[in-house]
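Q: This is the structure I have questions about; it appears just below.
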Amino acid sequence: MLKSKFISDILTLLLDGDEEGILAAKQIPFLEESDYEYTGGGVCIGFSTSKGILDFKVKTKEKLILDGVKIESPELEDGANCILFFENGIIDFLEIDSRSGNYPNKELSKYKLIQKWKGSPKKEIVCL
């Protein structure tokens, strides 16, 4: 189970789109953050999985990449973008890239997440 509300909120919005995303959203209860790699310009979050996740494997593509959520935060100069990577139909890691190239070496505590892909429902999650 995810420990971070921030990461959970990002995945919830990223996986609220097409058929593949909606199926993949059922993987969220089987994920746990396993490692964080801060790069100065962003962060990569790896996930470990628990039993049962294979029941919700995305079968249409072995390698799938989803993006389209923007982060706004007083902790960032110009926001950030989120990209979710899959391996063999299972969520593998989340990459967050700062648009200015500067990202703090900690999880954001105040943020607004916005769906930005073409045709998205434009949902937002705010934590201030």
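Please note that chains go A, B, ... in the order of the structure tokens, that every chain numbers its residues from 1, and that ligands are numbered from 1 in the order shown.
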Among chain A, which ones does DSSP place in alpha helix (DSSP H), written as a list in words?

A: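 Residues meeting the alpha helix (DSSP H) criterion: Lys5, Phe6, Ile7, Ser8, Asp9, Ile10, Leu11, Thr12, Leu13, Leu14, Glu19, Glu20, Gly21, Ile22, Leu23, Ala24 and Ala25 of chain A.
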
Q: What's the 7 Å shell around stretch 49-63 of chain A, counting only C-alpha atoms, without same-chain residues fewer than 3 positions away, as a PyMOL selection string?

A: chain A and resi 20+23-24+26-27+30-32+86-90

Q: Using all heavy atoms, can you write the selected residues to a file as a CSV table (one decimal), in the first residue's frame?

A:
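This is the output file result.csv:
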```csv
chain,number,residue,atom,x,y,z
A,20,GLU,N,-6.8,1.6,-20.7
A,20,GLU,CA,-5.6,1.0,-20.1
A,20,GLU,C,-5.3,1.6,-18.7
A,20,GLU,O,-5.0,1.0,-17.7
A,20,GLU,CB,-4.4,1.3,-21.0
A,20,GLU,CG,-4.4,0.5,-22.3
A,20,GLU,CD,-3.4,1.0,-23.3
A,20,GLU,OE1,-3.1,2.2,-23.3
A,20,GLU,OE2,-3.0,0.2,-24.1
A,23,LEU,N,-7.8,0.3,-16.0
A,23,LEU,CA,-7.5,-1.0,-15.6
A,23,LEU,C,-6.2,-0.9,-14.7
A,23,LEU,O,-6.2,-1.5,-13.6
A,23,LEU,CB,-7.2,-1.9,-16.8
A,23,LEU,CG,-6.6,-3.3,-16.4
A,23,LEU,CD1,-7.7,-4.1,-15.6
A,23,LEU,CD2,-6.3,-4.1,-17.7
A,24,ALA,N,-5.2,-0.1,-15.1
A,24,ALA,CA,-4.0,0.0,-14.3
A,24,ALA,C,-4.3,0.6,-12.9
A,24,ALA,O,-3.5,0.3,-12.0
A,24,ALA,CB,-3.0,0.8,-15.1
A,26,LYS,N,-6.4,-0.1,-10.9
A,26,LYS,CA,-6.7,-1.2,-9.9
A,26,LYS,C,-5.4,-1.8,-9.4
A,26,LYS,O,-5.4,-2.6,-8.4
A,26,LYS,CB,-7.5,-2.3,-10.6
A,26,LYS,CG,-8.9,-1.8,-11.0
A,26,LYS,CD,-9.7,-2.8,-11.7
A,26,LYS,CE,-11.1,-2.2,-12.1
A,26,LYS,NZ,-11.9,-3.1,-12.9
A,27,GLN,N,-4.2,-1.4,-9.9
A,27,GLN,CA,-2.9,-1.9,-9.4
A,27,GLN,C,-2.5,-1.1,-8.1
A,27,GLN,O,-1.7,-1.6,-7.3
A,27,GLN,CB,-1.8,-1.8,-10.4
A,27,GLN,CG,-2.0,-2.7,-11.6
A,27,GLN,CD,-0.9,-2.5,-12.6
A,27,GLN,OE1,0.2,-2.0,-12.3
A,27,GLN,NE2,-1.2,-2.9,-13.9
A,30,PHE,N,-1.9,-2.5,-4.7
A,30,PHE,CA,-0.8,-3.5,-4.6
A,30,PHE,C,0.6,-2.9,-4.7
A,30,PHE,O,1.5,-3.6,-4.8
A,30,PHE,CB,-1.0,-4.6,-5.7
A,30,PHE,CG,-2.4,-5.2,-5.6
A,30,PHE,CD1,-3.5,-4.8,-6.4
A,30,PHE,CD2,-2.6,-6.3,-4.8
A,30,PHE,CE1,-4.7,-5.4,-6.3
A,30,PHE,CE2,-3.8,-7.0,-4.7
A,30,PHE,CZ,-4.9,-6.5,-5.5
A,31,LEU,N,0.7,-1.6,-4.7
A,31,LEU,CA,2.0,-0.9,-4.8
A,31,LEU,C,2.4,-0.3,-3.5
A,31,LEU,O,1.6,0.1,-2.7
A,31,LEU,CB,1.8,0.3,-5.8
A,31,LEU,CG,1.5,0.0,-7.3
A,31,LEU,CD1,1.2,1.3,-8.0
A,31,LEU,CD2,2.6,-0.8,-7.9
A,32,GLU,N,3.8,-0.3,-3.4
A,32,GLU,CA,4.4,0.4,-2.3
A,32,GLU,C,5.7,1.1,-2.8
A,32,GLU,O,6.4,0.5,-3.7
A,32,GLU,CB,4.8,-0.6,-1.2
A,32,GLU,CG,5.4,0.1,0.0
A,32,GLU,CD,5.6,-0.8,1.2
A,32,GLU,OE1,4.9,-1.9,1.3
A,32,GLU,OE2,6.5,-0.5,2.0
A,86,PHE,N,5.5,1.6,-17.2
A,86,PHE,CA,5.1,0.2,-17.0
A,86,PHE,C,6.1,-0.7,-17.5
A,86,PHE,O,6.8,-0.4,-18.5
A,86,PHE,CB,3.8,0.0,-17.7
A,86,PHE,CG,2.6,0.7,-17.1
A,86,PHE,CD1,2.5,2.1,-17.3
A,86,PHE,CD2,1.6,0.0,-16.4
A,86,PHE,CE1,1.4,2.7,-16.7
A,86,PHE,CE2,0.5,0.7,-15.9
A,86,PHE,CZ,0.4,2.0,-16.0
A,87,GLU,N,6.2,-1.9,-16.9
A,87,GLU,CA,7.1,-2.9,-17.4
A,87,GLU,C,6.2,-4.2,-17.4
A,87,GLU,O,5.7,-4.6,-16.4
A,87,GLU,CB,8.3,-3.1,-16.6
A,87,GLU,CG,9.3,-4.1,-17.1
A,87,GLU,CD,10.0,-3.7,-18.4
A,87,GLU,OE1,10.3,-2.5,-18.6
A,87,GLU,OE2,10.2,-4.6,-19.3
A,88,ASN,N,6.1,-4.9,-18.6
A,88,ASN,CA,5.3,-6.1,-18.7
A,88,ASN,C,3.8,-5.9,-18.2
A,88,ASN,O,3.3,-6.7,-17.5
A,88,ASN,CB,5.9,-7.3,-18.0
A,88,ASN,CG,7.2,-7.6,-18.7
A,88,ASN,OD1,7.4,-7.6,-19.9
A,88,ASN,ND2,8.3,-7.9,-17.9
A,89,GLY,N,3.3,-4.7,-18.4
A,89,GLY,CA,1.9,-4.4,-18.0
A,89,GLY,C,1.7,-4.0,-16.6
A,89,GLY,O,0.6,-3.8,-16.1
A,90,ILE,N,2.8,-3.9,-15.8
A,90,ILE,CA,2.7,-3.6,-14.4
A,90,ILE,C,3.4,-2.2,-14.1
A,90,ILE,O,4.5,-2.0,-14.7
A,90,ILE,CB,3.4,-4.7,-13.5
A,90,ILE,CG1,2.7,-6.0,-13.7
A,90,ILE,CG2,3.4,-4.3,-12.0
A,90,ILE,CD1,1.3,-6.1,-13.3
```

Q: Using only C-alpha atoms, find the one residue out of A:Ser48, A:Ile114, A:Asn81, A:Ile65 that sits nearest to A:Asp35.

A: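 The answer is A:Ser48, which sits nearest to A:Asp35.
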
Q: Using DSSP secondary structure from the backbone, list all strand (DSSP E) positions within stretch 36-128 of chain A, as a count of residues only.

A: 45

Q: Give the answer as one residue: which of A:Ile83, A:Ile96, A:Leu2, A:Ile45 has the shortest atom-to-atom distance to A:Leu15, using only C-alpha atoms?

A: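 Under the stated criterion, the closest residue is A:Ile83.
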
Q: Any idea what's packed within 12 Å of A:Glu75, counting only C-alpha atoms, ignoring anything in its chain fewer than 5 positions away? Could you give it as an MDAnalysis selection string?

A: chainID A and resid 80 98 100 102:112 128

Q: Figure out the distance between atom CA of A:Leu64 and atom CA of A:Leu14, please, to one decimal in Å.

A: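 Atom-to-atom, atom CA of A:Leu14 and atom CA of A:Leu64 are spaced 12.6 Å apart.
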
Q: So how many Å separate atom CA of A:Thr39 and atom CA of A:Arg99, to one decimal?

A: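 Computing it gives 13.3 Å between the two atoms.
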
Q: Just give me the gap between atom CA of A:Ser8 and atom CA of A:Tyr36 in Å, one decimal is fine.

A: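 According to the coordinates, atom CA of A:Ser8 and atom CA of A:Tyr36 are separated by 14.5 Å.
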
Q: From the options A:Ile10, A:Leu76, A:Ile71, A:Leu66, which residue's atoms come nearest to A:Gly41, counting only C-alpha atoms?

A: A:Leu76
